[in-house]
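Enquirer: A single structure is presented below for examination.
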Amino acid sequence: MRKATRILFKFLVSLFVILNIIVAFHAYKFTHFYNPGEVVIKPAAQKTGWDKTKEILFGFNAIKQQNQVADSNYKTIYFTTLDNLKLEAWYMPADSTRGTVALFHGHGSKKSAVLSEAAVFHKLGYNTILLDFRAHGNSEGNTTTIGYKEAEDVKLVYDYLKEKHEQHIILYGISMGASTITKAINDYQLEPEKIILDMPFASLPDAVVGRVKMMKLPAQPISTLLTFWGGVEHGFWAFNMKPAEYAKKIICPVLLQRGAQDNRVTQNETEWIYQNISTEKKLVIYQSAGHESLCKKEPEKWQQEVAAFLK
């Protein structure tokens, strides 16, 4: 009996160690974006059995998305982070300005992904500034902390607008961008005039659960291990990354929005954030939308809600 118990114990320990090694590789790939041309990603139809096995064991490679420029009516601006990463932004002036809207994209995306939203703000008379977060688009770096260190990126844009003596600063974010705004406000006491948050996650562990579910894997213990290793690999305690708690520090009006079909951010997460906002606020649900651009999915409703909020 003792021998069988020892064998079982050794087996379980070995299994736990192997699982952690696999998850640590996945955590790295989840927070790492390769430069174009650095790795080759085969189409699904061309992947061999070994290719698929490597992805299961070591995670999926992801390449920085490249910005698609619709027109040239913008000025390129660069910011430098404390760890000397150069970030790229586009500043687009409006003909008659009511203020400036700073737009922040989601995880794995790029600034050109929010051009549709920027166009709406332009029609409403606002200048816009669109940023590539570190490790995204044309900005330097290859690792993302899904909002933790990116809060500094938001602050750099905010400080730039304050230095331009902009009196009416609006912050807009989608998914990771929205959650990062809440952390920037918490960490740096930013005081924008208004905030629009589309589909923010309530905590980093919740965001990881949503990601794991999309991969059709059991949420636990994989999501907990991913959260742990992702934080360890980048030098922070990821379980403390809680945008829902940061929302308590917001002192300006907030428009909070989500898609009813969102399979990444739950209704409970949105309600947790909404309940913690103690200022003027409004929650809008888009019935046909998932975790995607609400502006593109239901453009008329999004434009109406945003216009009414900014009036």
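Identifiers in the structure tokens: chain A, B, ... in order shown; residue index from 1 per chain; ligand index from 1 in order shown.
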Set out as CSV a contact list for stretch 132-211 of chain A and stretch 91-104 of chain A with a cut-off of 7 Å, giving each residue of stretch 132-211 of chain A that qualifies its closest atom pair and distance in Å to one decimal, counting only C-alpha atoms, ordered by chain and rising residue number.

Expert:
```
residue,atom,partner,partner_atom,distance
A:Glu166,CA,A:Gly99,CA,6.8
A:Gln167,CA,A:Gly99,CA,6.9
A:His168,CA,A:Gly99,CA,4.6
A:Ile169,CA,A:Thr100,CA,5.2
A:Ile170,CA,A:Val101,CA,4.5
A:Leu171,CA,A:Ala102,CA,5.0
A:Tyr172,CA,A:Leu103,CA,4.8
A:Gly173,CA,A:Phe104,CA,4.6
A:Ile174,CA,A:Phe104,CA,6.5
A:Gly177,CA,A:Phe104,CA,4.7
```

Enquirer: Identify, on the basis of only C-alpha atoms, every residue whose closest approach to stretch 201-216 of chain A does not exceed 6 Å; exclude the query and any residue fewer than 5 positions from it along the same chain; express the result as JSON, numbers by chain.

Expert: {"A": [223, 227, 241, 242, 243, 244, 264, 265, 269]}

Enquirer: Given the choices A:Trp237, A:Tyr126, A:Phe60, A:Trp90, which gets closest to A:Asn73 if the distance is worked out from only C-alpha atoms?

Expert: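 Checking each of A:Trp237, A:Tyr126, A:Phe60, A:Trp90 against A:Asn73, counting only C-alpha atoms, the winner is A:Trp90.
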
Enquirer: So that I can check the surroundings of A:Val154, please list as a list in words every protein, DNA and RNA residue that reaches within 10 Å of it, counting only C-alpha atoms and ignoring chain neighbours fewer than 3 positions away.

Expert: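 In the requested form, the answer reads Ala102, Leu103, Phe104, Leu131, Phe133, Gly147, Lys149, Glu150, Ala151, Val157, Tyr158, Asp159, Leu171, Gly177, Thr180, Ile181, Thr182, Lys183, Ala184, Ile185, Tyr188 and Leu190 of chain A.
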
Enquirer: Grab the residues selected above and save them as a JSON list (two decimals), in the first residue's frame with N, CA and C atoms.

Expert:
```json
[["chain", "number", "residue", "atom", "x", "y", "z"],
["A", 102, "ALA", "N", -8.86, 60.44, -26.82],
["A", 102, "ALA", "CA", -7.74, 59.51, -26.92],
["A", 102, "ALA", "C", -8.30, 58.11, -26.99],
["A", 103, "LEU", "N", -7.92, 57.35, -28.03],
["A", 103, "LEU", "CA", -8.49, 56.02, -28.26],
["A", 103, "LEU", "C", -7.43, 54.94, -28.03],
["A", 104, "PHE", "N", -7.84, 53.88, -27.33],
["A", 104, "PHE", "CA", -6.93, 52.79, -26.98],
["A", 104, "PHE", "C", -7.55, 51.44, -27.38],
["A", 131, "LEU", "N", -3.36, 55.49, -30.16],
["A", 131, "LEU", "CA", -2.06, 54.98, -29.74],
["A", 131, "LEU", "C", -1.92, 53.48, -30.01],
["A", 133, "PHE", "N", -0.38, 50.51, -28.27],
["A", 133, "PHE", "CA", 0.23, 50.11, -27.01],
["A", 133, "PHE", "C", 1.59, 49.47, -27.26],
["A", 147, "GLY", "N", -2.44, 45.36, -19.76],
["A", 147, "GLY", "CA", -2.97, 46.51, -19.04],
["A", 147, "GLY", "C", -2.16, 46.96, -17.86],
["A", 149, "LYS", "N", 1.38, 47.27, -17.18],
["A", 149, "LYS", "CA", 2.38, 48.29, -17.50],
["A", 149, "LYS", "C", 1.87, 49.29, -18.53],
["A", 150, "GLU", "N", 0.85, 48.88, -19.31],
["A", 150, "GLU", "CA", 0.30, 49.75, -20.34],
["A", 150, "GLU", "C", -0.40, 50.98, -19.76],
["A", 151, "ALA", "N", -0.70, 50.95, -18.46],
["A", 151, "ALA", "CA", -1.29, 52.14, -17.83],
["A", 151, "ALA", "C", -0.38, 53.35, -18.03],
["A", 157, "VAL", "N", -0.07, 59.64, -23.16],
["A", 157, "VAL", "CA", -0.98, 60.34, -24.07],
["A", 157, "VAL", "C", -1.72, 61.45, -23.33],
["A", 158, "TYR", "N", -2.21, 61.13, -22.14],
["A", 158, "TYR", "CA", -2.94, 62.12, -21.33],
["A", 158, "TYR", "C", -2.05, 63.33, -21.02],
["A", 159, "ASP", "N", -0.81, 63.06, -20.62],
["A", 159, "ASP", "CA", 0.11, 64.16, -20.29],
["A", 159, "ASP", "C", 0.41, 65.02, -21.52],
["A", 171, "LEU", "N", -11.40, 59.93, -22.75],
["A", 171, "LEU", "CA", -10.66, 58.68, -22.92],
["A", 171, "LEU", "C", -11.62, 57.59, -23.38],
["A", 177, "GLY", "N", -7.95, 47.96, -23.80],
["A", 177, "GLY", "CA", -7.78, 49.41, -23.76],
["A", 177, "GLY", "C", -8.67, 50.06, -22.72],
["A", 180, "THR", "N", -7.33, 49.17, -19.24],
["A", 180, "THR", "CA", -6.09, 49.89, -18.98],
["A", 180, "THR", "C", -6.38, 51.33, -18.56],
["A", 181, "ILE", "N", -7.40, 51.92, -19.13],
["A", 181, "ILE", "CA", -7.78, 53.29, -18.73],
["A", 181, "ILE", "C", -8.10, 53.33, -17.24],
["A", 182, "THR", "N", -8.83, 52.34, -16.75],
["A", 182, "THR", "CA", -9.18, 52.35, -15.32],
["A", 182, "THR", "C", -7.93, 52.24, -14.45],
["A", 183, "LYS", "N", -6.95, 51.45, -14.88],
["A", 183, "LYS", "CA", -5.72, 51.33, -14.09],
["A", 183, "LYS", "C", -4.91, 52.61, -14.13],
["A", 184, "ALA", "N", -4.87, 53.27, -15.28],
["A", 184, "ALA", "CA", -4.15, 54.53, -15.38],
["A", 184, "ALA", "C", -4.75, 55.58, -14.45],
["A", 185, "ILE", "N", -6.06, 55.62, -14.38],
["A", 185, "ILE", "CA", -6.73, 56.57, -13.48],
["A", 185, "ILE", "C", -6.40, 56.24, -12.03],
["A", 188, "TYR", "N", -2.33, 56.93, -11.59],
["A", 188, "TYR", "CA", -1.78, 58.26, -11.86],
["A", 188, "TYR", "C", -2.76, 59.40, -11.57],
["A", 190, "LEU", "N", -5.45, 60.38, -13.01],
["A", 190, "LEU", "CA", -5.85, 61.14, -14.19],
["A", 190, "LEU", "C", -7.28, 61.65, -14.00]]
```

Enquirer: What is the atom CA of A:Gln189 to atom CA of A:Asn276 distance in Å?

Expert: 16.6 Å

Enquirer: Can you list every residue in stretch 75-224 of chain A that DSSP puts in helix (DSSP H, G or I), as a VMD selection string?

Expert: chain A and resid 111 to 123 151 to 163 176 to 188 204 to 214 222 to 224

Enquirer: Quick check for you: according to DSSP on this backbone, which residues of stretch 126-300 of chain A are classed as strand (DSSP E or B)? Reply as an MDAnalysis selection string.

Expert: chainID A and resid 127:131 143 169:174 194:198 254:259 281:286

Enquirer: One number please: atom CA of A:Gly49 to atom CA of A:Ile21, in Å, one decimal.

Expert: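 Result for atom CA of A:Gly49 versus atom CA of A:Ile21: 21.0 Å, one decimal.
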
Enquirer: May I have the residues within 9 Å of A:Gly259 as a ChimeraX atom specification, using only C-alpha atoms and disregarding those fewer than 5 positions away in the same chain?

Expert: /A:198-199,265,284-292,294

Enquirer: I want to know what sits within 9 Å of A:Leu124, based on only C-alpha atoms, with residues of the same chain fewer than 3 positions away left out; could you give that as a PyMOL selection string?

Expert: chain A and resi 97-98+119-121+307+310

Enquirer: With N, CA and C atoms retained, export the selected residues as an mmCIF file, in the first residue's frame.

Expert:
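For reference, out29.cif as written:
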```
data_model
loop_
_atom_site.group_PDB
_atom_site.id
_atom_site.type_symbol
_atom_site.label_atom_id
_atom_site.label_comp_id
_atom_site.auth_asym_id
_atom_site.auth_seq_id
_atom_site.Cartn_x
_atom_site.Cartn_y
_atom_site.Cartn_z
ATOM 1 N N THR A 97 -12.991 72.105 -33.076
ATOM 2 C CA THR A 97 -12.801 71.151 -31.986
ATOM 3 C C THR A 97 -13.628 71.442 -30.742
ATOM 4 N N ARG A 98 -14.167 70.377 -30.177
ATOM 5 C CA ARG A 98 -14.867 70.435 -28.890
ATOM 6 C C ARG A 98 -13.998 69.837 -27.791
ATOM 7 N N ALA A 119 -13.598 58.137 -36.437
ATOM 8 C CA ALA A 119 -14.364 58.881 -37.440
ATOM 9 C C ALA A 119 -15.646 59.450 -36.847
ATOM 10 N N VAL A 120 -16.262 58.693 -35.948
ATOM 11 C CA VAL A 120 -17.483 59.179 -35.298
ATOM 12 C C VAL A 120 -17.161 60.384 -34.415
ATOM 13 N N PHE A 121 -16.084 60.281 -33.655
ATOM 14 C CA PHE A 121 -15.699 61.408 -32.798
ATOM 15 C C PHE A 121 -15.365 62.646 -33.621
ATOM 16 N N ALA A 307 -22.933 60.110 -28.949
ATOM 17 C CA ALA A 307 -23.290 61.525 -29.168
ATOM 18 C C ALA A 307 -24.075 62.069 -27.976
ATOM 19 N N LEU A 310 -21.771 62.566 -24.942
ATOM 20 C CA LEU A 310 -20.824 63.669 -25.053
ATOM 21 C C LEU A 310 -21.493 65.030 -25.198
#
```

Enquirer: Would you mind telling me which residue in A:Ala247, A:Val254, A:Ile277, A:Ala45 lies nearest to A:Glu193 when using only C-alpha atoms?

Expert: A:Val254

Enquirer: Pick out the residues sitting within 8 Å of stretch 24-33 of chain A, and hand them over as a ChimeraX atom specification; count only C-alpha atoms, and ignore anything fewer than 2 positions along from it in its own chain.

Expert: /A:20-22,35,57-64,108,135-136,142-146,225-227,229-230,233

Enquirer: Those residues with C-alpha atoms, as an mmCIF file, in the first residue's frame please?

Expert:
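Listed below is the output, part.cif:
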```
data_model
loop_
_atom_site.group_PDB
_atom_site.id
_atom_site.type_symbol
_atom_site.label_atom_id
_atom_site.label_comp_id
_atom_site.auth_asym_id
_atom_site.auth_seq_id
_atom_site.Cartn_x
_atom_site.Cartn_y
_atom_site.Cartn_z
ATOM 1 C CA ASN A 20 3.084 24.017 -15.143
ATOM 2 C CA ILE A 21 5.831 23.838 -17.772
ATOM 3 C CA ILE A 22 3.249 23.676 -20.556
ATOM 4 C CA ASN A 35 7.804 41.166 -35.326
ATOM 5 C CA LEU A 57 2.583 21.999 -25.823
ATOM 6 C CA PHE A 58 4.198 25.390 -26.333
ATOM 7 C CA GLY A 59 1.400 27.773 -27.330
ATOM 8 C CA PHE A 60 0.484 29.712 -30.449
ATOM 9 C CA ASN A 61 2.778 32.228 -32.104
ATOM 10 C CA ALA A 62 1.290 35.670 -32.684
ATOM 11 C CA ILE A 63 2.651 38.428 -34.915
ATOM 12 C CA LYS A 64 2.202 42.156 -34.349
ATOM 13 C CA GLY A 108 -3.313 41.864 -29.961
ATOM 14 C CA ALA A 135 4.281 45.474 -28.293
ATOM 15 C CA HIS A 136 1.432 46.358 -30.662
ATOM 16 C CA ASN A 142 7.322 42.460 -27.892
ATOM 17 C CA THR A 143 5.676 41.713 -24.560
ATOM 18 C CA THR A 144 2.335 42.911 -23.229
ATOM 19 C CA THR A 145 1.127 42.818 -19.634
ATOM 20 C CA ILE A 146 -2.528 43.153 -20.716
ATOM 21 C CA LEU A 225 -1.896 28.833 -13.690
ATOM 22 C CA LEU A 226 -1.814 31.061 -16.793
ATOM 23 C CA THR A 227 -2.488 34.122 -14.654
ATOM 24 C CA TRP A 229 2.907 32.403 -14.803
ATOM 25 C CA GLY A 230 2.015 35.428 -16.917
ATOM 26 C CA GLU A 233 7.292 36.089 -16.278
#
```

Enquirer: Which residue gives the smallest distance to A:Gly235 among A:Gln303, A:Val17, A:Tyr148, A:Ser293, with only C-alpha atoms counted?

Expert: A:Tyr148

Enquirer: Go ahead and compute the interatomic distance for atom CA of A:Thr76 and atom CA of A:Ala89, in Å to one decimal.

Expert: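 These atoms are spaced 5.8 Å apart.
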
Enquirer: Select, from A:Tyr274, A:Phe228, A:Phe79, A:Trp50, the residue with the minimum atom-to-atom distance to A:Leu197, counting only C-alpha atoms.

Expert: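 Of all the options, A:Tyr274 lies closest to A:Leu197.
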
Enquirer: Considering only C-alpha atoms, can you say which of A:Asn127, A:Leu82, A:Ile77, A:Asp262 comes closest to A:Tyr160?

Expert: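 Of A:Asn127, A:Leu82, A:Ile77, A:Asp262, the one nearest A:Tyr160 is A:Ile77, counting only C-alpha atoms.
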
Enquirer: Looking at only C-alpha atoms, which of A:Ala308, A:Leu156, A:Leu130, A:Val232 is the one that sits closest to A:Lys86?

Expert: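 So, comparing all the options, the nearest one is A:Leu156.
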